[in-house]
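Dumped model_12.cif below, it's mmCIF, C-alpha atoms:
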```
data_input
#
loop_
_atom_site.label_atom_id
_atom_site.label_comp_id
_atom_site.auth_asym_id
_atom_site.auth_seq_id
_atom_site.Cartn_x
_atom_site.Cartn_y
_atom_site.Cartn_z
CA MET B 1 -32.27 24.81 -21.55
CA SER B 2 -28.70 26.05 -21.20
CA ARG B 3 -26.53 23.32 -19.76
CA LYS B 4 -23.61 23.77 -17.41
CA LYS B 5 -20.35 22.52 -18.88
CA ALA B 6 -18.43 20.23 -16.59
CA VAL B 7 -15.27 18.20 -16.89
CA VAL B 8 -15.51 15.06 -14.77
CA SER B 9 -12.33 13.29 -13.68
CA LEU B 10 -12.77 9.61 -12.76
CA GLY B 11 -10.39 7.82 -10.39
CA HIS B 12 -9.40 4.16 -10.14
CA ASP B 13 -12.48 3.20 -8.11
CA ALA B 14 -14.73 4.25 -10.99
CA LEU B 15 -13.08 1.73 -13.32
CA GLY B 16 -11.88 -1.22 -11.28
CA TYR B 17 -8.51 -2.88 -11.57
CA THR B 18 -9.11 -5.83 -13.94
CA THR B 19 -10.98 -6.36 -17.21
CA MET B 20 -13.99 -8.01 -15.56
CA ALA B 21 -14.00 -5.62 -12.59
CA GLN B 22 -13.97 -2.69 -15.01
CA ARG B 23 -16.98 -4.01 -16.90
CA ASP B 24 -18.97 -4.09 -13.66
CA ALA B 25 -17.57 -0.85 -12.24
CA VAL B 26 -18.44 1.29 -15.27
CA LYS B 27 -22.10 0.34 -14.92
CA LEU B 28 -22.16 2.07 -11.52
CA THR B 29 -20.06 4.93 -12.91
CA ALA B 30 -22.52 5.34 -15.78
CA ARG B 31 -25.35 5.84 -13.29
CA ALA B 32 -23.45 8.63 -11.53
CA LEU B 33 -22.63 10.31 -14.85
CA ALA B 34 -26.23 9.96 -16.02
CA ASP B 35 -27.37 11.63 -12.79
CA LEU B 36 -25.23 14.62 -13.77
CA VAL B 37 -26.68 14.70 -17.27
CA GLU B 38 -30.20 14.65 -15.77
CA ALA B 39 -29.14 17.47 -13.43
CA GLY B 40 -28.42 19.67 -16.46
CA TYR B 41 -24.73 19.13 -17.15
CA GLN B 42 -22.94 18.72 -20.47
CA LEU B 43 -20.11 16.33 -19.61
CA THR B 44 -16.59 15.88 -20.84
CA VAL B 45 -15.16 12.89 -19.02
CA THR B 46 -11.54 12.03 -18.38
CA HIS B 47 -10.25 9.10 -16.38
CA SER B 48 -7.31 7.34 -14.77
CA ASN B 49 -5.66 4.36 -16.46
CA ALA B 50 -2.81 3.22 -14.18
CA PRO B 51 -4.03 -0.37 -13.63
CA GLN B 52 -5.15 -0.68 -17.25
CA VAL B 53 -1.98 0.63 -18.89
CA SER B 54 0.11 -1.44 -16.49
CA MET B 55 -1.86 -4.56 -17.45
CA ILE B 56 -1.38 -3.84 -21.16
CA HIS B 57 2.33 -3.16 -20.68
CA LYS B 58 2.75 -6.45 -18.81
CA ALA B 59 0.87 -8.36 -21.52
CA MET B 60 2.88 -6.87 -24.37
CA THR B 61 6.17 -7.42 -22.51
CA GLU B 62 5.27 -11.07 -21.95
CA LEU B 63 4.31 -11.43 -25.61
CA ARG B 64 7.72 -10.14 -26.60
CA ARG B 65 9.40 -12.50 -24.12
CA VAL B 66 7.56 -15.58 -25.43
CA TYR B 67 7.75 -14.55 -29.09
CA PRO B 68 11.05 -12.68 -29.60
CA ASP B 69 10.14 -11.79 -33.20
CA TYR B 70 7.40 -9.44 -31.97
CA THR B 71 8.41 -5.79 -31.84
CA PRO B 72 8.44 -4.28 -28.32
CA VAL B 73 5.47 -2.00 -27.70
CA PRO B 74 6.35 1.50 -26.44
CA MET B 75 4.56 3.14 -23.53
CA CYS B 76 2.75 5.63 -25.80
CA VAL B 77 1.10 2.74 -27.67
CA CYS B 78 0.12 1.07 -24.38
CA SER B 79 -1.45 4.38 -23.36
CA ALA B 80 -3.39 4.57 -26.64
CA MET B 81 -4.64 1.00 -26.15
CA SER B 82 -5.83 1.80 -22.63
CA GLN B 83 -7.66 4.93 -23.80
CA GLY B 84 -9.55 2.96 -26.42
CA TYR B 85 -10.46 0.07 -24.17
CA VAL B 86 -11.53 2.16 -21.17
CA GLY B 87 -13.39 4.63 -23.38
CA TYR B 88 -15.21 1.77 -25.09
CA ASP B 89 -16.55 0.45 -21.78
CA ILE B 90 -17.54 3.89 -20.46
CA GLN B 91 -19.27 5.08 -23.62
CA ASN B 92 -21.28 1.90 -24.06
CA SER B 93 -22.36 1.74 -20.41
CA LEU B 94 -23.25 5.43 -20.32
CA ARG B 95 -25.15 5.28 -23.60
CA ALA B 96 -27.19 2.34 -22.31
CA GLU B 97 -27.88 4.08 -18.98
CA LEU B 98 -29.01 7.29 -20.70
CA LEU B 99 -31.30 5.42 -23.09
CA SER B 100 -32.83 3.53 -20.14
CA ARG B 101 -33.80 6.96 -18.76
CA GLY B 102 -35.26 8.11 -22.07
CA ILE B 103 -32.26 10.32 -22.94
CA SER B 104 -30.90 9.99 -26.48
CA LYS B 105 -27.48 11.60 -26.47
CA PRO B 106 -24.33 10.69 -28.42
CA VAL B 107 -21.41 9.50 -26.29
CA SER B 108 -18.02 9.24 -27.96
CA THR B 109 -14.38 8.70 -27.12
CA VAL B 110 -11.68 10.91 -28.61
CA LEU B 111 -8.25 9.31 -28.75
CA THR B 112 -6.28 12.20 -27.31
CA GLN B 113 -2.62 13.17 -27.59
CA VAL B 114 -0.99 15.64 -25.20
CA THR B 115 2.30 17.34 -25.97
CA VAL B 116 5.08 17.40 -23.39
CA ASP B 117 8.44 19.17 -23.24
CA PRO B 118 11.34 16.83 -24.10
CA TYR B 119 13.47 18.85 -21.67
CA ASP B 120 10.99 18.55 -18.80
CA GLU B 121 12.95 17.73 -15.64
CA ALA B 122 10.67 14.72 -15.13
CA PHE B 123 12.53 12.89 -17.91
CA TYR B 124 15.70 13.12 -15.84
CA GLU B 125 13.99 11.89 -12.67
CA PRO B 126 11.39 9.24 -13.65
CA ALA B 127 8.96 8.55 -10.82
CA LYS B 128 6.11 6.28 -11.99
CA ALA B 129 6.46 2.50 -11.62
CA ILE B 130 4.88 0.56 -14.47
CA GLY B 131 4.48 -3.08 -15.47
CA ARG B 132 5.30 -6.30 -13.64
CA TYR B 133 8.15 -7.04 -11.24
CA ILE B 134 11.18 -8.28 -13.15
CA SER B 135 14.39 -10.10 -12.28
CA LYS B 136 17.82 -8.52 -11.92
CA GLU B 137 18.81 -9.90 -15.34
CA GLU B 138 15.71 -8.42 -16.98
CA ALA B 139 16.35 -5.12 -15.19
CA GLU B 140 19.88 -5.00 -16.56
CA ALA B 141 18.51 -5.62 -20.06
CA GLU B 142 16.09 -2.71 -19.62
CA ILE B 143 18.92 -0.44 -18.49
CA LYS B 144 20.91 -1.37 -21.60
CA LYS B 145 17.92 -0.23 -23.69
CA GLY B 146 18.12 3.15 -21.98
CA ASN B 147 15.13 2.59 -19.68
CA TYR B 148 15.01 3.31 -15.96
CA VAL B 149 14.35 0.64 -13.36
CA ARG B 150 13.99 0.67 -9.58
CA GLU B 151 14.47 -2.12 -7.08
CA PHE B 152 11.67 -2.93 -4.66
CA PRO B 153 13.28 -4.94 -1.86
CA GLY B 154 11.89 -8.43 -1.57
CA LYS B 155 9.81 -8.08 -4.75
CA GLY B 156 12.22 -7.43 -7.60
CA PHE B 157 12.62 -4.58 -10.06
CA ARG B 158 10.11 -2.47 -11.99
CA ARG B 159 10.44 -0.13 -14.90
CA ILE B 160 10.08 3.56 -14.02
CA VAL B 161 8.81 6.20 -16.44
CA ALA B 162 8.66 9.98 -16.37
CA VAL B 163 5.60 12.04 -15.41
CA PRO B 164 6.04 15.31 -17.36
CA LYS B 165 3.69 18.29 -17.25
CA PRO B 166 1.13 18.57 -20.07
CA ILE B 167 1.59 21.42 -22.54
CA ASP B 168 -1.11 21.23 -25.23
CA ILE B 169 -4.08 18.96 -25.90
CA VAL B 170 -3.67 18.14 -29.59
CA GLU B 171 -7.31 17.22 -30.29
CA ILE B 172 -8.82 20.06 -28.23
CA ASP B 173 -10.72 21.54 -31.20
CA ALA B 174 -12.49 18.24 -31.87
CA ILE B 175 -13.32 17.82 -28.17
CA ARG B 176 -14.62 21.40 -27.98
CA ALA B 177 -16.79 20.95 -31.09
CA LEU B 178 -18.45 17.86 -29.62
CA ALA B 179 -18.92 19.54 -26.22
CA ASP B 180 -20.41 22.65 -27.86
CA ALA B 181 -22.86 20.35 -29.67
CA ASP B 182 -24.05 19.13 -26.23
CA GLN B 183 -22.60 15.66 -26.73
CA THR B 184 -20.95 13.67 -23.97
CA VAL B 185 -17.23 13.28 -24.67
CA ILE B 186 -14.62 10.96 -23.16
CA ALA B 187 -11.17 12.43 -23.72
CA CYS B 188 -7.62 12.68 -22.38
CA GLY B 189 -7.93 9.25 -20.78
CA GLY B 190 -5.04 8.39 -18.48
CA GLY B 191 -3.72 11.93 -18.86
CA GLY B 192 -3.57 11.62 -22.64
CA ILE B 193 -1.01 9.95 -24.89
CA PRO B 194 2.24 11.86 -24.23
CA VAL B 195 3.85 13.07 -27.45
CA ILE B 196 6.74 15.33 -28.40
CA GLU B 197 6.49 17.73 -31.35
CA GLN B 198 9.18 17.23 -33.98
CA LYS B 199 8.54 19.69 -36.80
CA HIS B 200 5.22 18.49 -38.26
CA ALA B 201 5.30 15.08 -36.60
CA LEU B 202 4.27 13.91 -33.14
CA LYS B 203 6.54 11.31 -31.56
CA GLY B 204 5.32 9.21 -28.65
CA ALA B 205 7.16 9.75 -25.37
CA SER B 206 8.11 7.09 -22.84
CA ALA B 207 6.07 8.70 -20.09
CA VAL B 208 2.68 9.04 -18.46
CA ILE B 209 0.78 12.23 -17.62
CA GLU B 210 -0.95 12.84 -14.30
CA LYS B 211 -4.69 12.53 -15.02
CA ASP B 212 -5.67 15.21 -12.50
CA ALA B 213 -3.26 17.67 -14.15
CA ILE B 214 -4.84 17.11 -17.54
CA ALA B 215 -8.34 17.35 -16.04
CA GLY B 216 -7.58 20.85 -14.78
CA LYS B 217 -6.11 21.87 -18.13
CA LEU B 218 -9.00 20.34 -20.08
CA ALA B 219 -11.55 22.20 -17.94
CA ALA B 220 -9.73 25.48 -18.51
CA GLU B 221 -9.39 24.92 -22.27
CA LEU B 222 -13.11 24.14 -22.60
CA ARG B 223 -14.06 27.10 -20.39
CA ALA B 224 -16.02 24.67 -18.26
CA ASP B 225 -18.29 26.00 -15.54
CA GLU B 226 -17.16 23.24 -13.19
CA LEU B 227 -14.43 20.69 -12.69
CA ILE B 228 -15.77 17.65 -10.85
CA ILE B 229 -13.14 15.31 -9.42
CA LEU B 230 -14.50 11.96 -8.28
CA THR B 231 -12.22 10.12 -5.89
CA GLY B 232 -12.26 7.57 -3.07
CA VAL B 233 -13.24 9.98 -0.27
CA ASP B 234 -16.41 12.03 0.27
CA TRP B 235 -14.61 15.27 1.15
CA VAL B 236 -11.21 16.91 1.21
CA TYR B 237 -10.07 16.53 4.82
CA LYS B 238 -7.75 18.40 7.13
CA ASP B 239 -5.55 16.04 9.18
CA PHE B 240 -6.69 13.12 7.02
CA GLY B 241 -6.31 9.72 8.64
CA THR B 242 -5.87 11.07 12.17
CA GLU B 243 -8.16 11.42 15.19
CA THR B 244 -8.61 15.11 14.35
CA GLN B 245 -9.65 14.44 10.74
CA THR B 246 -12.05 17.21 9.66
CA PRO B 247 -14.03 17.50 6.41
CA LEU B 248 -13.65 20.79 4.56
CA PRO B 249 -16.93 21.82 2.85
CA SER B 250 -15.27 24.74 1.06
CA LEU B 251 -11.85 26.10 0.22
CA SER B 252 -10.54 29.17 -1.55
CA VAL B 253 -7.43 28.93 -3.69
CA ALA B 254 -5.50 30.81 -1.00
CA GLN B 255 -6.66 28.40 1.70
CA ALA B 256 -5.85 25.40 -0.49
CA ARG B 257 -2.35 26.72 -1.10
CA GLU B 258 -1.81 27.32 2.62
CA LEU B 259 -2.92 23.81 3.56
CA SER B 260 -0.78 22.40 0.77
CA CYS B 261 2.28 24.22 2.14
CA GLN B 262 1.50 22.70 5.54
CA GLY B 263 1.75 19.23 4.00
CA GLN B 264 -1.95 18.48 4.53
CA PHE B 265 -2.38 16.77 1.16
CA GLU B 266 -0.64 13.50 0.33
CA ALA B 267 1.55 13.64 -2.78
CA GLY B 268 0.15 10.59 -4.54
CA THR B 269 -3.53 11.07 -3.71
CA MET B 270 -5.12 14.42 -2.80
CA LEU B 271 -2.30 16.82 -3.70
CA PRO B 272 -2.62 16.36 -7.50
CA LYS B 273 -6.34 17.07 -7.21
CA ILE B 274 -5.75 20.27 -5.26
CA ASP B 275 -3.07 21.33 -7.75
CA ALA B 276 -5.48 20.66 -10.62
CA ALA B 277 -8.19 22.71 -8.90
CA ILE B 278 -5.83 25.65 -8.45
CA ALA B 279 -4.57 25.46 -12.05
CA TYR B 280 -8.13 25.45 -13.41
CA LEU B 281 -9.34 28.31 -11.19
CA GLU B 282 -6.35 30.46 -12.14
CA LYS B 283 -7.54 30.24 -15.76
CA ALA B 284 -11.28 30.26 -14.97
CA PRO B 285 -11.77 32.35 -11.79
CA ARG B 286 -15.57 32.24 -12.14
CA GLY B 287 -15.60 28.46 -12.16
CA LYS B 288 -15.74 26.04 -9.26
CA VAL B 289 -14.25 22.67 -8.41
CA LEU B 290 -16.14 19.89 -6.66
CA ILE B 291 -14.14 17.07 -5.05
CA THR B 292 -16.13 14.13 -3.72
CA SER B 293 -16.81 10.40 -4.07
CA MET B 294 -18.97 8.85 -6.74
CA LYS B 295 -21.56 7.67 -4.22
CA CYS B 296 -22.00 11.24 -2.94
CA ILE B 297 -22.16 13.01 -6.31
CA LYS B 298 -25.95 13.36 -6.40
CA ASP B 299 -25.95 15.13 -3.02
CA ALA B 300 -22.72 17.00 -3.80
CA VAL B 301 -24.14 18.85 -6.82
CA LYS B 302 -26.95 20.04 -4.53
CA GLY B 303 -24.43 21.35 -1.98
CA ARG B 304 -25.05 18.63 0.58
CA ALA B 305 -21.71 16.83 0.32
CA GLY B 306 -18.20 17.18 -1.07
CA THR B 307 -15.66 19.98 -1.02
CA VAL B 308 -16.13 23.04 -3.23
CA VAL B 309 -12.99 24.96 -4.22
CA THR B 310 -13.36 28.49 -5.59
CA ALA B 311 -10.99 31.26 -6.61
CA LYS B 312 -11.88 33.42 -3.61
#
```

Could you rewrite the structure in this file as C-alpha cells?
Amino acid sequence: MSRKKAVVSLGHDALGYTTMAQRDAVKLTARALADLVEAGYQLTVTHSNAPQVSMIHKAMTELRRVYPDYTPVPMCVCSAMSQGYVGYDIQNSLRAELLSRGISKPVSTVLTQVTVDPYDEAFYEPAKAIGRYISKEEAEAEIKKGNYVREFPGKGFRRIVAVPKPIDIVEIDAIRALADADQTVIACGGGGIPVIEQKHALKGASAVIEKDAIAGKLAAELRADELIILTGVDWVYKDFGTETQTPLPSLSVAQARELSCQGQFEAGTMLPKIDAAIAYLEKAPRGKVLITSMKCIKDAVKGRAGTVVTAK
C-alpha cells in the first residue's frame, strides 16, 4: 500500500511543560500519531521546545552560577539537548504504542541542524525571551558578554535571543532516506539547532528558529503530501476570541493572505502556522495543510474537523 507522506508539527500541548508532564503528555501524543500511521500515513514529526530549552538553559545557567569553573553552555547546545530529550520521549512512547497495535515500525530521532544567515535582521532585533528572570546586576553582566536582555516590569530581566529564518536543513538527506524507507522520523525539533556556515564548519548561533517555519520547509523539502499542524484549537477561526468567532473549514492561500493582512491571526500563535502553510503550498501546490487540535485529528483526517489550507 502506498502511504501518504505527512510532516506533523507538534505544539506545546503535545509535550507538556515539565519533565514529568512531558512523560505523560507524549503517551497521549503517541496515540494520535499512531492513529495517523494506522490511517496510512508515513510520518516525519517535528515539535516545539520552548519550555524544554528554557528549562535546560536555566539549569545550565544555575550550574555555572554555583560552580564558576563550569563553562557556560551556549544556546545551540541547549537546543541540541532539548532535541535529544524530547525526541527520546516521543520515539519510545510512539514505538510502544505502535507495537501495542501490532505495528512493527522503526521510530528514530535525527539530531538536526538548520543553517541561518548571520546577517539576518533578526540578529539585530532579538525577540525571543529565554531562561529565568534575572536581577539587574546579572542583566548587566549579560550585556557585557554581548547578550541582549529585556526588562519585564515587576519581574526582573530576561535574556532575549534572535529568531532568524531557516535557510537549509543540514541533515535533510538522512531524514529523506528514512522517510523513503517508510520509517517514522522525528527531526528538526524546536526548529532545529541554528548554525552558521563558516567554510567547511558549522558554528552554533545564539538563536532559536520558529518551529512552524521549519515544519513548512521540512514538508516542502520532503515533497510531503500533507503538512499537519497540531495546535491548541480545533480550527482556524475568524474573529478568534470574540462573540463573532467563526471556524474556517477551508482556506485558499489567497484567502489566508487576505485574512492575515486584516490582522486576523495573532503573531505569536496562529500567524506562524498560516505563514508555514503558505510557504509549503508555494513549493508544493498539490499538497494540503491541516490545522487542528490533537484530540480532533482522527476526525480531521476524515474531513470532519479542522481547517484545510490549499493552494487554490

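Under the PyMOL selection byres ((chain B and resi 43) around 8), the matching residues in the shown file are Lys5, Ala6, Val7, Val8, Leu36, Val37, Tyr41, Gln42, Thr44, Val45, Ala179, Gln183, Thr184 and Val185 of chain B.
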
Hey, what comes out of the PyMOL selection byres ((chain B and resi 310) around 12) on this file? Could you write it as a VMD selection string?
chain B and resid 225 to 227 249 to 256 274 277 to 291 307 to 309 311 to 312

Generate the output file for the selected residues, C-alpha atoms, as an mmCIF file, in the coordinates of the input.
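Written output follows (selection_32.cif):
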```cif
data_model
loop_
_atom_site.group_PDB
_atom_site.id
_atom_site.type_symbol
_atom_site.label_atom_id
_atom_site.label_comp_id
_atom_site.auth_asym_id
_atom_site.auth_seq_id
_atom_site.Cartn_x
_atom_site.Cartn_y
_atom_site.Cartn_z
ATOM 1 C CA ASP B 225 -18.290 26.000 -15.540
ATOM 2 C CA GLU B 226 -17.160 23.240 -13.190
ATOM 3 C CA LEU B 227 -14.430 20.690 -12.690
ATOM 4 C CA PRO B 249 -16.930 21.820 2.850
ATOM 5 C CA SER B 250 -15.270 24.740 1.060
ATOM 6 C CA LEU B 251 -11.850 26.100 0.220
ATOM 7 C CA SER B 252 -10.540 29.170 -1.550
ATOM 8 C CA VAL B 253 -7.430 28.930 -3.690
ATOM 9 C CA ALA B 254 -5.500 30.810 -1.000
ATOM 10 C CA GLN B 255 -6.660 28.400 1.700
ATOM 11 C CA ALA B 256 -5.850 25.400 -0.490
ATOM 12 C CA ILE B 274 -5.750 20.270 -5.260
ATOM 13 C CA ALA B 277 -8.190 22.710 -8.900
ATOM 14 C CA ILE B 278 -5.830 25.650 -8.450
ATOM 15 C CA ALA B 279 -4.570 25.460 -12.050
ATOM 16 C CA TYR B 280 -8.130 25.450 -13.410
ATOM 17 C CA LEU B 281 -9.340 28.310 -11.190
ATOM 18 C CA GLU B 282 -6.350 30.460 -12.140
ATOM 19 C CA LYS B 283 -7.540 30.240 -15.760
ATOM 20 C CA ALA B 284 -11.280 30.260 -14.970
ATOM 21 C CA PRO B 285 -11.770 32.350 -11.790
ATOM 22 C CA ARG B 286 -15.570 32.240 -12.140
ATOM 23 C CA GLY B 287 -15.600 28.460 -12.160
ATOM 24 C CA LYS B 288 -15.740 26.040 -9.260
ATOM 25 C CA VAL B 289 -14.250 22.670 -8.410
ATOM 26 C CA LEU B 290 -16.140 19.890 -6.660
ATOM 27 C CA ILE B 291 -14.140 17.070 -5.050
ATOM 28 C CA THR B 307 -15.660 19.980 -1.020
ATOM 29 C CA VAL B 308 -16.130 23.040 -3.230
ATOM 30 C CA VAL B 309 -12.990 24.960 -4.220
ATOM 31 C CA ALA B 311 -10.990 31.260 -6.610
ATOM 32 C CA LYS B 312 -11.880 33.420 -3.610
#
```

Evaluate the PyMOL selection byres ((chain B and resi 135) around 12) and report residues as a ChimeraX atom specification
/B:132-134,136-142,149-159

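The environment of Thr61 of chain B within 10 Å, counting only C-alpha atoms and disregarding residues fewer than 4 places along the same chain, consists of Met55, Ile56, His57, Arg65, Val66, Tyr67, Tyr70, Thr71, Pro72, Val73, Pro74, Gly131 and Arg132 of chain B.
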
Produce a file of the selected residues containing C-alpha atoms, as an mmCIF file, in the frame of the given file.
```
data_model
loop_
_atom_site.group_PDB
_atom_site.id
_atom_site.type_symbol
_atom_site.label_atom_id
_atom_site.label_comp_id
_atom_site.auth_asym_id
_atom_site.auth_seq_id
_atom_site.Cartn_x
_atom_site.Cartn_y
_atom_site.Cartn_z
ATOM 1 C CA MET B 55 -1.860 -4.560 -17.450
ATOM 2 C CA ILE B 56 -1.380 -3.840 -21.160
ATOM 3 C CA HIS B 57 2.330 -3.160 -20.680
ATOM 4 C CA ARG B 65 9.400 -12.500 -24.120
ATOM 5 C CA VAL B 66 7.560 -15.580 -25.430
ATOM 6 C CA TYR B 67 7.750 -14.550 -29.090
ATOM 7 C CA TYR B 70 7.400 -9.440 -31.970
ATOM 8 C CA THR B 71 8.410 -5.790 -31.840
ATOM 9 C CA PRO B 72 8.440 -4.280 -28.320
ATOM 10 C CA VAL B 73 5.470 -2.000 -27.700
ATOM 11 C CA PRO B 74 6.350 1.500 -26.440
ATOM 12 C CA GLY B 131 4.480 -3.080 -15.470
ATOM 13 C CA ARG B 132 5.300 -6.300 -13.640
#
```

Here is a test: counting all atoms listed in the file, which residue of B:Asp180, B:Asp234, B:Glu266, B:Glu258 is nearest to Cys296 of chain B?
B:Asp234

Taking into account all atoms listed in the file, which residue in the set B:Ala267, B:Ala39, B:Ala96, B:Ala187 is nearest to Ala300 of chain B?
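Comparing B:Ala267, B:Ala39, B:Ala96, B:Ala187 against Ala300 of chain B, the winner is B:Ala39.
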
Pick the closest to Val116 of chain B from B:Ile169, B:Ile130, B:Ile196, B:Val161: which is it, counting all atoms listed in the file?
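For Val116 of chain B, the nearest of the given residues is B:Ile196.
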
Atom-to-atom span, atom CA of Ser79 of chain B and atom CA of Lys217 of chain B, Å:
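Result for atom CA of Ser79 of chain B versus atom CA of Lys217 of chain B: 18.8 Å, one decimal.
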
Find the residues near segment 89-93 of chain B: any atom within 6 Å, counting all atoms listed in the file, skip ones fewer than 4 places away on the same chain, and give them as a PyMOL selection string.
chain B and resi 26-27+30+107

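For the atom pair formed by atom CA of Leu111 of chain B and atom CA of Arg64 of chain B, the distance is 25.3 Å, given to one decimal.
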
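Closest to Pro247 of chain B among B:Gly306, B:Gly11, B:Pro166, B:Pro118 is B:Gly306, based on only C-alpha atoms.
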
Once 6 Å is added on each side, what centre and edge lengths in Å to one decimal does the axis-aligned box around all listed atoms of segment 93-111 of chain B have, as JSON?
```
{"center_x": -21.8, "center_y": 6.7, "center_z": -23.8, "size_x": 39.0, "size_y": 21.9, "size_z": 22.0}
```

Do you know which residues are at most 12 Å from Gly191 of chain B counting only C-alpha atoms, after dropping those on the same chain fewer than 2 positions away, and could you put them as a PyMOL selection string?
chain B and resi 9-11+45-50+53+76+79-80+82-83+111-116+163-169+186-189+193-195+207-218

Between atom CA of Lys295 of chain B and atom CA of Ala25 of chain B, what distance in Å does the model show, to one decimal?
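Separation of atom CA of Lys295 of chain B and atom CA of Ala25 of chain B: 12.4 Å.
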